[in-house]
Structure formats: C-alpha cells, structure tokens
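Enquirer: Can you read through this structure? Questions will come right after.
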Amino acid sequence: MTTLTHRTVLTREKRKGSIAAFSGQAQGLAKEGREGGLVQRVRTFAQDAPSDLQRALSILRTIRGLAIVVHGPAGCAASLGGGFQDTAPWIVTGINERDSIMGGDRKLRAAIHQIHAAHAPAVIAVVATPVVAINNDDIESVVTEVNEELGIPIIPVLTDGFRSKIAGSGYDAVIHALLREQLWHPAGERGAHLNLLSVAEKSQDVQALKALLRELDAEVEVFPRHGNAQAFHRVPEARLSVSIDPDESEYAGQVLQEQRGIPFLSLDVPVGLDNTGRWLSAIGAALERPGLAQAVIARHEEQLAPLKERLARHQGARVFVNLPAALAFALVPFLESLGLTLAALEITALSQDQDSRLQAFAQGHPEVPLLVGEGQIFEEVNLLRNLAPDLYLGSGQAAVHALRLGIPVLDLQHLPILGYLGAAALVEALERSLSNTSLAGFLAEPAERRYAKGWLAKSTHWFIKHEVK
Amino acid sequence: MSLDHDRNTCALHGALHLLDAIPSVVPILHANAGCGVSAWNEDPFQSGVDETCSGSREISSTLLLEKQVVFGGTSRLREQIKNTVKVLNGDLYVVITGCVPEVIGDDVQAMVKEAREQRFPVIGLSTPGFKANAWGGYAATAASLIEQFLASPQGAELEVVDVNLFGLVPGQDPAWEGDLIELKRVLATLGLKANRLIGYGQGVDAWSRAAKARLSLVLSPWGLAPAQALRDLHGVPLLDLGWNPVGSLDSGLLLEGVGEALGLDLDRIVQARELLDEELRYYLRKAASGLILGNVQKRVAVVGGSAGAIGQTRFLAGTLGQIVSDVILTDDPPEDRREALRALILAVAPGASVSFHAGQTAIAQQLRASRPELIVGSALESAVAREVGAALVERATPLRSRPLFRRSHGGIAGAIALVEDLLAALIQQQDSRPRPVTQVQPHPAQEAFA
C-alpha cells in the first residue's frame, strides 16, 4: 500500500511489517514469517545506530542538481560533513535553544534563499529533524511561500529520528518527497527508457549495472541515488522500473506501478553470477529481448575465469555476514558456491515482503544463528566470540570490534560487488582477506576488556524483548 | 544564523568526542537514534558519498522512540543505565542528553540519582545539541565533569602532576592527541609533569589527579570553563594562554608563563627556551634550502579554530617569515574573547585581516577577495584554493588529505610538520602545473634524411 497523498510515508514497521530486532536460529524467524507476522521486539539495552535522518541525507547528497537544507540543530547535518568534494551543496539552519521553543521559520526561509543564491540548484530538499518534528515547525508553509518566490521545486523530506526503528524508513521519506513532486504533474508520454532504482548502492555498482543494461540496448534513468534531479521528470514516464535491492527500492517501484502503471521488476540483488544472470534474463524478457540477454550473459560468463579456484586454499572458511537483508540473502548462495561456509547471518532489518527470501534461506540454513539489528555491536561481540569465524563480511560498519576479537574484516562499502565485474572483484577481495590475517591477529584482545563477563556469558538474545504497545 | 557546510556540529558531539577520548569512561546517550554515530565523520573512507551504512562507535543509547517522546523517556533511561553497567566495563558512566529529552523535559538527574543510590558510578550532564557547537560542548562537558565527578573526594593514591592541559578539543582540533603529547614533552624540559587528561593512557584517574595539580593551562577559549571550575572547586590556579603554541618562540612563551606562575628559577626557564630554539633551528636549517629555492615567502591565509589558527599564524609570521594576509577563526568564540584573540594575531602579523566566520560561503568569499598563495585551513577550503590557485595545507577539521592518529600540529614537532607539509603542497602545486610545450624545430640535416 502506498500513501502518496499523505504528507509523510508510513514507517516500514507499519507499511510492511518490518522488524529491527531478533536473535535466534533462522528457522525460528522463518516460522514467524510463515505464520504471517514478524513479531515486533525492542532492545532493553541498545547501542546507537543511524536513524531515518542519516539515511535520507545519504541519498540526497548523491543527487546532482539538488541542494539540501537541514532544518534543525547543526549536529543533525553532521553526517554531511567530512569535507567530501563530490556532495550536494548543503546548509543547516542551526536552530538554537530559543528557536527550539519559538520556532525556526525565519531561519528556514533565510537558509533556502541563501543556498539558492549560492548554488542555483534545480531542486531544494528541506529535511526535517527531531526537534523540528516535536515542535511541529510549519515547514510546508515556508516551503510553499518560498517556492512561489524562487520558482523551483522545494520539497520537504519529513524525517524525525524517532518514529521508526528502521533507518531505511528515511530512504522511503526521500522517495516519497521526490515522487510526490514528480507525480503532481500530469502524466507525460511513455518513454523507451527504464528506471534503475538505486536506493542504497555505491556509484561503482550502479555504473556497472548501467553498463550491463546498455548491452541490452536499454536506455536507463537512475533514480534516486546517484540520479540527476533535472532528469527526474522522466521517471514517471519510464516503460519499466527495475530494482537493484528489491527491499530498499520496493516503495519507489510500488508507487510508480500504482500511480503510473509502470511495471516493477522486483528481482534478487544481482550479486554473483547466477543472480546477475537471472537479473539480466528478467529484464531482457520484459524488454522483449530475451535472446540478446542470453547472449550478454553467455559472453560475460565465458570471460570470467573460474572464480572458485581463486579460493581453493580457503574452502570451508567460515564467514559471518552482516548486510542489508536482500543483499545478504542473494550473496550467501554465491559465497557458498565459492566453497565458503556461513557461520552466522546478521541483517539490518527484515520486512514481511522479504518472507519468500527468508523461507528459502531458512530452509537451507535452519540452525544458523540469525541476528536482526543495526549497530548492536555488543550482540555481535557476544556471538562472534562464540563462533570465532574466519572472516567478518560487512558494509560500512568499519567492524573494528571484530578485528579486536582477532577476526579479519572485509568491508564492502567501497568495493564494487554487483554484476560480473563485481563478482570477480569480490572473490579477489575475499582471497586477500583470508590469505593474510595478520592485522586481526595483532589486534586481538580478550572481549572482557570492554564487555562485562556477565554479558559475554549470556545468550545473544538476552536484551531483546517483545514490544509492549 | 544558518551555516552552509557547517564544520562545528553541536554540543552533544563535542561532549561525545571528549568522553570517547577518556578511556574507562562510558557515555550513555539519552537521545533518538543517529545522534551518536553522526558525530564521527572524520574517517576518510567512512560515510562518503557512497555511504550505505554508518559505523557504530559502540555507544550505549536509549534510542528514543515516538512513545517515549510522547510519554517521556525517563523509564527507558532507567532501563538503559541499569543494563549499561551490566554490559560495558567502565570506571565512570556519564549520561549525556540529546535535544529530544531536553525538549520533552525528561528528569535525567532523578534517574542518575537512583543509579548512584545503587552505588553505580554514574553522573548526568545536560548536553543538548542546540545549546552550543561542539567546541562549546567540550567546554561545558569538561567543566561539568569536574563539578560532578570531582565533587566527591578521590580516595586512591595518585601520581602528583604539575600542569593540567585544557582546551584542545577532540573531534574539532584534528591533532589534539599529538599536540598534547608534544606539549607534555615541552613542559618536561622544565622538569614539569603535564596532565593530558584525554587520550592514550589517560582515564578517570587523570581527572582525579587534576584536582591536586599546581596549575591549569588554558590552550583555547574552550579550555577556560573547566579550568575555572577546577580553580573554584579545588583552588587550582589557572594560566590562560589562549592558543596552542607552534614553534619554539611560542613554546618558550608558554614555558615562561608556566615557570613564572609556578615560581621557577628564571635561569632554568631561559635555558629551556634556548634548548627549544636550538632544536627547531636545527630542523629549519635542513629545510632552509627548500625554502630559499622555492621562494617560500607566500601570502598566506589561515582558517581554523582559534587555538590552532592563532598558533599556526604566529609561527608562520613570527618565525617562518610568511606574509599572513588573512586569519579566519571558525569556532565562533565568545564575543568577549575576540579582541584578545585578534591582538594575539596582530602582534606578529600586523597587516593581517582577522575575521570570524563559520559558514563555507563567507570564508570562500573572503579568500576569493584576498587571493592568498597558500591557505592553511581545512578540506572545506580545497575548492576555493583551486579556484584562486593557492596551495592548501590542511590543519583544521575536516581533514581529507591525511588521517591523523598521533602526529602533532603544535610545539616543535608541529612546526616542523607544518614546514614539511607546506613545502610538499607547494611542490605538488608546481608539479601539477601544465608544462609549456616547446616546439622543436627539426635540424636541417634531419630534414635532408627524411
């Protein structure tokens, strides 16, 4: 169900029954999924993790032609800092204690004008923050007023930092805001292009998939991450929308399908040879070019040297995987095809609409430990210490805690992993990580230095409880 | 005032970085999700444009949800405190608050009191982001730590220290750890023991020792509040230097000030100053040929937090003979301190324009107008440096060109590092200029053979 007419998108918990906390065997969670309802749980001890605000900003900063106004205290925009060159221009209203009581409308108006004057963006996104959400600052009135003065789209992205336990709700907030703006206009003529829905992917991966799609003679519009705000008007005119991550891009695909009748191909993440082949086949079929797709697949598979041989020395190595759900469910079979063994799986969140993938996973790995959560390092330390895997595979976690347990870490945040080139790059990186583990060996120390013995002796699920409404 | 490409973040982040820099202190964040992890953005490979996840710093947090925003979050905080002491080892647990619990009026101190009654070493500090920037957050948190933690007598037998060091701000002063180590070395030339308080090998004991020190040294406007708290509560006198000395002249001034305050023998101070001068001269003589052949006497603009920017300016102008045209102080220091900061700069660079800006556009505008040949600033100045054809040496947060773990920007080591980086930036700039293409005329004899 989509709610494009509403100011805000529903949280992932409410919209698709997503959960952010579980610890147990895979078969236990699969049973809940089969019975029609993943159970909402909370942690009675927790460690900090990103909120919807950070996720929203992480997409917005990649959009060309867009400028960001963060309406809140200066720290709310901190994840945009760091001096990165290739980021969207941004400004923060920097509301202080007085504004938090009296409202920050004037500052917001001034900030929009300031960034417009400095950068002449095609679109300005005004991002709400927790204090503004509590005080109910009337962002929309300011936006409407300034919009008339400046004559460019100014879109409110209504994140708040506390309505959802799942940071990915921030992705939906951005998509909601961008599509509300685009779908306000009457439908144009259907184009020949397809939408490549990129929500959580790095630019190298998106470029690699675009290159594959060009081999299918497909014209591609990337939306929204790494997209171009000035070309977003073409998104509602596409002939097809294609997922990269079917979980993260589900909202964009569904809205475009419901509102403009654009078919949405929700496919397994194209990681590894089999998934990439299936991804290309499905798109080829939808574009009525099945023969061409098969030829592209065959050409690439032929060019790739046998990947499993690269890991011949590491057959049976046990890997702890910590990734977003759909990527993890697609990657595990690839890792296993290379001769690696799954020690445990951690996923950042799980939606009810990913149930078929969960069931397939649990069928093959009924007793594998499964952890659902993001940033809950104390649980990982508890689990990793008992499992002692040969490798920790994550993305953007900078899992120093695993190194400190003597476990080598391979982080995928800046490593291209999708498509055929990604498969080869991933195998190469796995081989390197497993072949020289001396840094982890040097940094290893007893977990008891930081974590209480009492906690380390407990079950990983100790602090996860059923949510009381 | 709105801040474009803000570099100073918020009070909560200042508090978190300070507590994170004190081993054995465990912060307990009472806030919604994201307030803690967003404080760490300085790793060059982390949270870039391609960010899909953010790292975790293992920060205990209540992760406030909507129901707590509506009905209050104190019981969630009680639960989090109780469980934090069961999960994370520490000597002191410090509850710090984000904006949300302050807005909704959670009674944090009541929860802290409860925990203390159970004999858990917990204190609670009010650190909402909207109260100040990260520099101000450091100042308030350090002062509150002294007021609350040192309120009760510290029983353990502690090493005696001479000088507490306050005012270098983790997360904002990029080389805070290296600078403190270097300052400790400089003070050791007078036989004094410095109390760094933060960084490797420190801990709550270092803060306990602070109450017994002979002097507190204030190295920036942000170090004054904790030094005053210590003076008022424990009678430790303070010396307000106000900047982070770079080079032997200013390091010598520091020794002189500290020596006088502690009543040390004047000859000993003079001797120590001479040793520092001699050390720096040795290395500058090594650098001198490069400085001469590279015609390194540039129009320089310095951009950064007060303590660092003033220290670098005074070394660049006062020792290295550079022509400092602009100094832009970005940390938004208190109004009543600004004239004194200006005077410190004008004393060595009388022609310099001194201004106070935190937003990138205002800073870029000033640099565009003055067109310096060298900018000593942050990665945020790289675009304008390219635009005006200036070389850039990064000395302020955020850094992109070189991660810092132990290197110093201050003292003798920092002065030498600055000269190295300055020469490297100028050489790199020279090498990256397109070389003129020379048309080689063929020799008539070659034509004959063609």
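Residues in the structure tokens are named by chain (A, B, ... in the order shown) and by number from 1 within that chain; ligands are numbered from 1 in the order shown.
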So which bits of range 214-368 of chain A end up alpha helix (DSSP H) when you DSSP the backbone, as number ranges by chain?
Expert: A: 214-215, 250-260, 273-286, 290-303, 325-337, 355-364
Enquirer: Write out as a ChimeraX atom specification the residues lying within 12 Å of Ala110 in chain B, counting only C-alpha atoms and excluding same-chain residues fewer than 2 positions away.
Expert: /B:74-75,77-78,95,105-108,112-117,122-124
Enquirer: Determine which residues of chain A sit within 7 Å of chain B, taking into account only C-alpha atoms, and present them as an MDAnalysis selection string.
Expert: chainID A and resid 44:51 54 58 61:62 73:75 78:79 81:84 86:87 90:97 107 111 130:131 161:163 200:203 375 377 395:398 413 450:452 454:455
Enquirer: Have a look at A:Ala192, A:Leu405, A:Leu307, A:Leu179 and name the one nearest to Phe442 in chain A; count only C-alpha atoms.
Expert: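 Counting only C-alpha atoms, the residue closest to Phe442 in chain A is A:Leu405.
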Enquirer: Residues within 8 Å of Val160 in chain B, please, as a list in words. Count only C-alpha atoms; anything in the same chain fewer than 3 positions from it doesn't count.
Expert: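 After dropping sequence-adjacent residues, the list is Arg209, Lys212 and Ala213 of chain B.
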Enquirer: Which residue, B:Leu254, B:Met111, B:Val419, B:Leu145, has the smallest gap to Asp240 in chain B when you use only C-alpha atoms?
Expert: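 For Asp240 in chain B, the nearest of the given residues is B:Leu254.
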Enquirer: Skip Arg407 in chain B itself and residues of its chain fewer than 5 positions away, then list as a PDB file with C-alpha atoms, in the first residue's frame all residues within 12 Å of it, counting only C-alpha atoms.
Expert:
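result21.pdb, written as the output of this step:
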```pdb
ATOM      1  CA  PRO B 174      42.388  17.370  14.469  1.00  0.00           C
ATOM      2  CA  ALA B 175      45.753  16.741  16.153  1.00  0.00           C
ATOM      3  CA  TRP B 176      44.595  17.068  19.753  1.00  0.00           C
ATOM      4  CA  GLU B 177      46.275  13.868  20.872  1.00  0.00           C
ATOM      5  CA  GLY B 178      49.625  14.536  19.209  1.00  0.00           C
ATOM      6  CA  ASP B 179      49.515  18.143  20.377  1.00  0.00           C
ATOM      7  CA  LEU B 180      49.005  17.144  24.000  1.00  0.00           C
ATOM      8  CA  ILE B 181      51.867  14.650  23.814  1.00  0.00           C
ATOM      9  CA  GLU B 182      54.104  17.348  22.339  1.00  0.00           C
ATOM     10  CA  ARG B 395      45.413  21.927   9.609  1.00  0.00           C
ATOM     11  CA  ARG B 402      45.988  12.841   5.628  1.00  0.00           C
ATOM     12  CA  ILE B 412      58.387  21.932  17.903  1.00  0.00           C
ATOM     13  CA  ALA B 413      57.143  18.753  16.210  1.00  0.00           C
ATOM     14  CA  GLY B 414      54.118  20.608  14.839  1.00  0.00           C
ATOM     15  CA  ALA B 415      56.238  23.441  13.485  1.00  0.00           C
ATOM     16  CA  ILE B 416      58.500  21.013  11.643  1.00  0.00           C
ATOM     17  CA  ALA B 417      55.463  19.121  10.316  1.00  0.00           C
ATOM     18  CA  LEU B 418      53.962  22.395   9.102  1.00  0.00           C
TER      19      LEU B 418
END
```
Enquirer: Excluding Ile59 in chain A and its own-chain neighbours fewer than 2 positions away, which residues fall within 8 Å of it when counting only C-alpha atoms? Please give them as a PDB file with C-alpha atoms, in the first residue's frame.
Expert:
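Writing the result to out-v4.pdb gives the following:
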```pdb
ATOM      1  CA  ARG A  55      19.702   7.508   5.587  1.00  0.00           C
ATOM      2  CA  ALA A  56      17.711  10.304   3.934  1.00  0.00           C
ATOM      3  CA  LEU A  57      20.778  12.548   3.842  1.00  0.00           C
ATOM      4  CA  ARG A  61      23.832  14.117  -1.058  1.00  0.00           C
ATOM      5  CA  THR A  62      24.329  11.978  -4.188  1.00  0.00           C
ATOM      6  CA  ILE A  63      21.684  13.677  -6.352  1.00  0.00           C
ATOM      7  CA  TYR A 171      15.040   6.138   2.178  1.00  0.00           C
ATOM      8  CA  VAL A 174      13.161  10.775   0.280  1.00  0.00           C
ATOM      9  CA  VAL A 199      18.489   3.358  -3.133  1.00  0.00           C
ATOM     10  CA  ALA A 200      21.433   2.011  -1.152  1.00  0.00           C
ATOM     11  CA  PRO A 224      17.054   8.415  -6.860  1.00  0.00           C
ATOM     12  CA  ARG A 225      20.602   7.671  -5.516  1.00  0.00           C
ATOM     13  CA  HIS A 226      23.270   8.957  -7.921  1.00  0.00           C
TER      14      HIS A 226
END
```
Enquirer: Among range 86-226 of chain B, which ones does DSSP place in strand (DSSP E or B), written as a list of chain:residue names?
Expert: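 Matching residues, listed in order: B:Leu88, B:Leu92, B:Tyr93, B:Val94, B:Val95, B:Ile96, B:Thr97, B:Val122, B:Ile123, B:Gly124, B:Leu125, B:Val163, B:Asn164, B:Leu165, B:Phe166, B:Ala194, B:Asn195, B:Leu215, B:Ser216, B:Leu217, B:Val218.
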Enquirer: Now that the selection is made, can you save its residues with C-alpha atoms as a compact mmCIF listing (two decimals), in the first residue's frame?
Expert:
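Listed below is the output, again-v8.txt:
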```
# COMPACT_ATOMS: atom_id res chain seq x y z
CA LEU B 88 30.03 -2.34 29.28
CA LEU B 92 32.57 6.08 35.28
CA TYR B 93 29.28 6.14 33.39
CA VAL B 94 28.20 9.52 32.06
CA VAL B 95 24.64 10.13 30.88
CA ILE B 96 24.54 12.81 28.21
CA THR B 97 21.39 14.15 26.66
CA VAL B 122 27.02 7.42 37.22
CA ILE B 123 26.77 11.14 36.58
CA GLY B 124 24.43 13.02 34.23
CA LEU B 125 25.26 16.01 32.04
CA VAL B 163 50.11 21.18 34.97
CA ASN B 164 46.63 20.27 33.68
CA LEU B 165 46.10 20.87 29.97
CA PHE B 166 42.67 22.16 28.93
CA ALA B 194 51.79 17.55 32.46
CA ASN B 195 48.36 16.01 32.96
CA LEU B 215 48.36 24.82 37.70
CA SER B 216 45.83 24.51 34.86
CA LEU B 217 46.97 25.70 31.47
CA VAL B 218 44.25 27.02 29.14
```
Enquirer: One decimal, Å: what's the distance from CA of Ala391 in chain B over to CA of Leu249 in chain B, could you say?
Expert: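 Taking CA of Ala391 in chain B as the start and CA of Leu249 in chain B as the end point, the length is 25.7 Å.
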Enquirer: Using only C-alpha atoms, which of A:Leu196, A:Phe22, A:Asp105, A:Ala110 sits nearest Leu345 in chain A?
Expert: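 When distances to Leu345 in chain A are compared using only C-alpha atoms, the smallest one comes from A:Phe22.
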Enquirer: Set the distance at 10 Å and use only C-alpha atoms: which residues neighbour Gly24 in chain A once local chain neighbours fewer than 3 positions away are removed? I'd like the list as number ranges by chain.
Expert: A: 27-29, 367-372, 459-461
Enquirer: Those residues you just picked out, can you put them in a file as an mmCIF file, in the first residue's frame with C-alpha atoms?
Expert:
```cif
data_model
loop_
_atom_site.group_PDB
_atom_site.id
_atom_site.type_symbol
_atom_site.label_atom_id
_atom_site.label_comp_id
_atom_site.auth_asym_id
_atom_site.auth_seq_id
_atom_site.Cartn_x
_atom_site.Cartn_y
_atom_site.Cartn_z
ATOM 1 C CA GLN A 27 14.150 -21.438 11.407
ATOM 2 C CA GLY A 28 12.626 -19.605 14.368
ATOM 3 C CA LEU A 29 12.202 -16.369 12.461
ATOM 4 C CA GLU A 367 20.040 -23.723 12.589
ATOM 5 C CA VAL A 368 22.341 -20.932 11.522
ATOM 6 C CA PRO A 369 22.332 -18.070 14.051
ATOM 7 C CA LEU A 370 20.374 -15.118 12.693
ATOM 8 C CA LEU A 371 20.604 -11.646 14.152
ATOM 9 C CA VAL A 372 18.399 -8.744 13.078
ATOM 10 C CA SER A 459 22.670 -15.622 25.266
ATOM 11 C CA THR A 460 22.833 -13.103 22.456
ATOM 12 C CA HIS A 461 19.073 -12.524 22.641
#
```
Enquirer: Distance CA of Ala344 in chain A-CA of Arg318 in chain A, one decimal place?
Expert: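 CA of Ala344 in chain A sits 8.7 Å away from CA of Arg318 in chain A.
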Enquirer: To one decimal place, how far is CA of Phe264 in chain A from CA of Glu237 in chain A in Å?
Expert: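 According to the coordinates, CA of Phe264 in chain A and CA of Glu237 in chain A are separated by 13.0 Å.
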Enquirer: So, counting only C-alpha atoms, which residue among A:Asp355, A:Asp274, A:Asp217, A:Glu301 is closest to Leu287 in chain A?
Expert: A:Asp217
Enquirer: Determine the nearest neighbour of Ala122 in chain A from the options A:Val206, A:Leu439, A:Ala231, A:Leu53, counting only C-alpha atoms.
Expert: A:Ala231
Enquirer: Looking at A:Pro416, A:Gly227, A:Pro408, A:Gly373, which one is nearest to Arg43 in chain A, with distances taken over only C-alpha atoms?
Expert: A:Gly373
Enquirer: Extract, using only C-alpha atoms, all DNA, RNA and protein residues at most 10 Å from range 425-429 of chain B, discarding same-chain residues fewer than 4 positions from it, and format them as a list in words.
Expert: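 Contacts, with the query itself left out: Gly290, Gly294, Val296, Glu373, Leu374, Arg386, Gly389, Ala390, Ala391, Leu392, Val393, Glu394, Val419, Glu420, Asp421 and Arg433 of chain B.
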Enquirer: With C-alpha atoms retained, could you export that selection as a CSV table (one decimal), in the first residue's frame?
Expert:
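Once everything was written out, this is selection-v7.csv:
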```
chain,number,residue,atom,x,y,z
B,290,GLY,CA,64.0,24.3,0.0
B,294,GLY,CA,61.2,27.5,-3.7
B,296,VAL,CA,58.8,30.3,0.0
B,373,GLU,CA,49.1,32.0,-2.4
B,374,LEU,CA,48.8,29.5,0.4
B,386,ARG,CA,41.9,25.6,-6.5
B,389,GLY,CA,45.4,29.0,-7.4
B,390,ALA,CA,46.6,28.6,-3.8
B,391,ALA,CA,48.3,25.6,-2.3
B,392,LEU,CA,46.4,24.1,0.6
B,393,VAL,CA,47.8,22.7,3.8
B,394,GLU,CA,45.2,21.0,6.0
B,419,VAL,CA,57.1,23.3,7.2
B,420,GLU,CA,57.2,19.8,5.7
B,421,ASP,CA,53.6,19.9,4.6
B,433,ARG,CA,51.0,22.9,-13.4
```
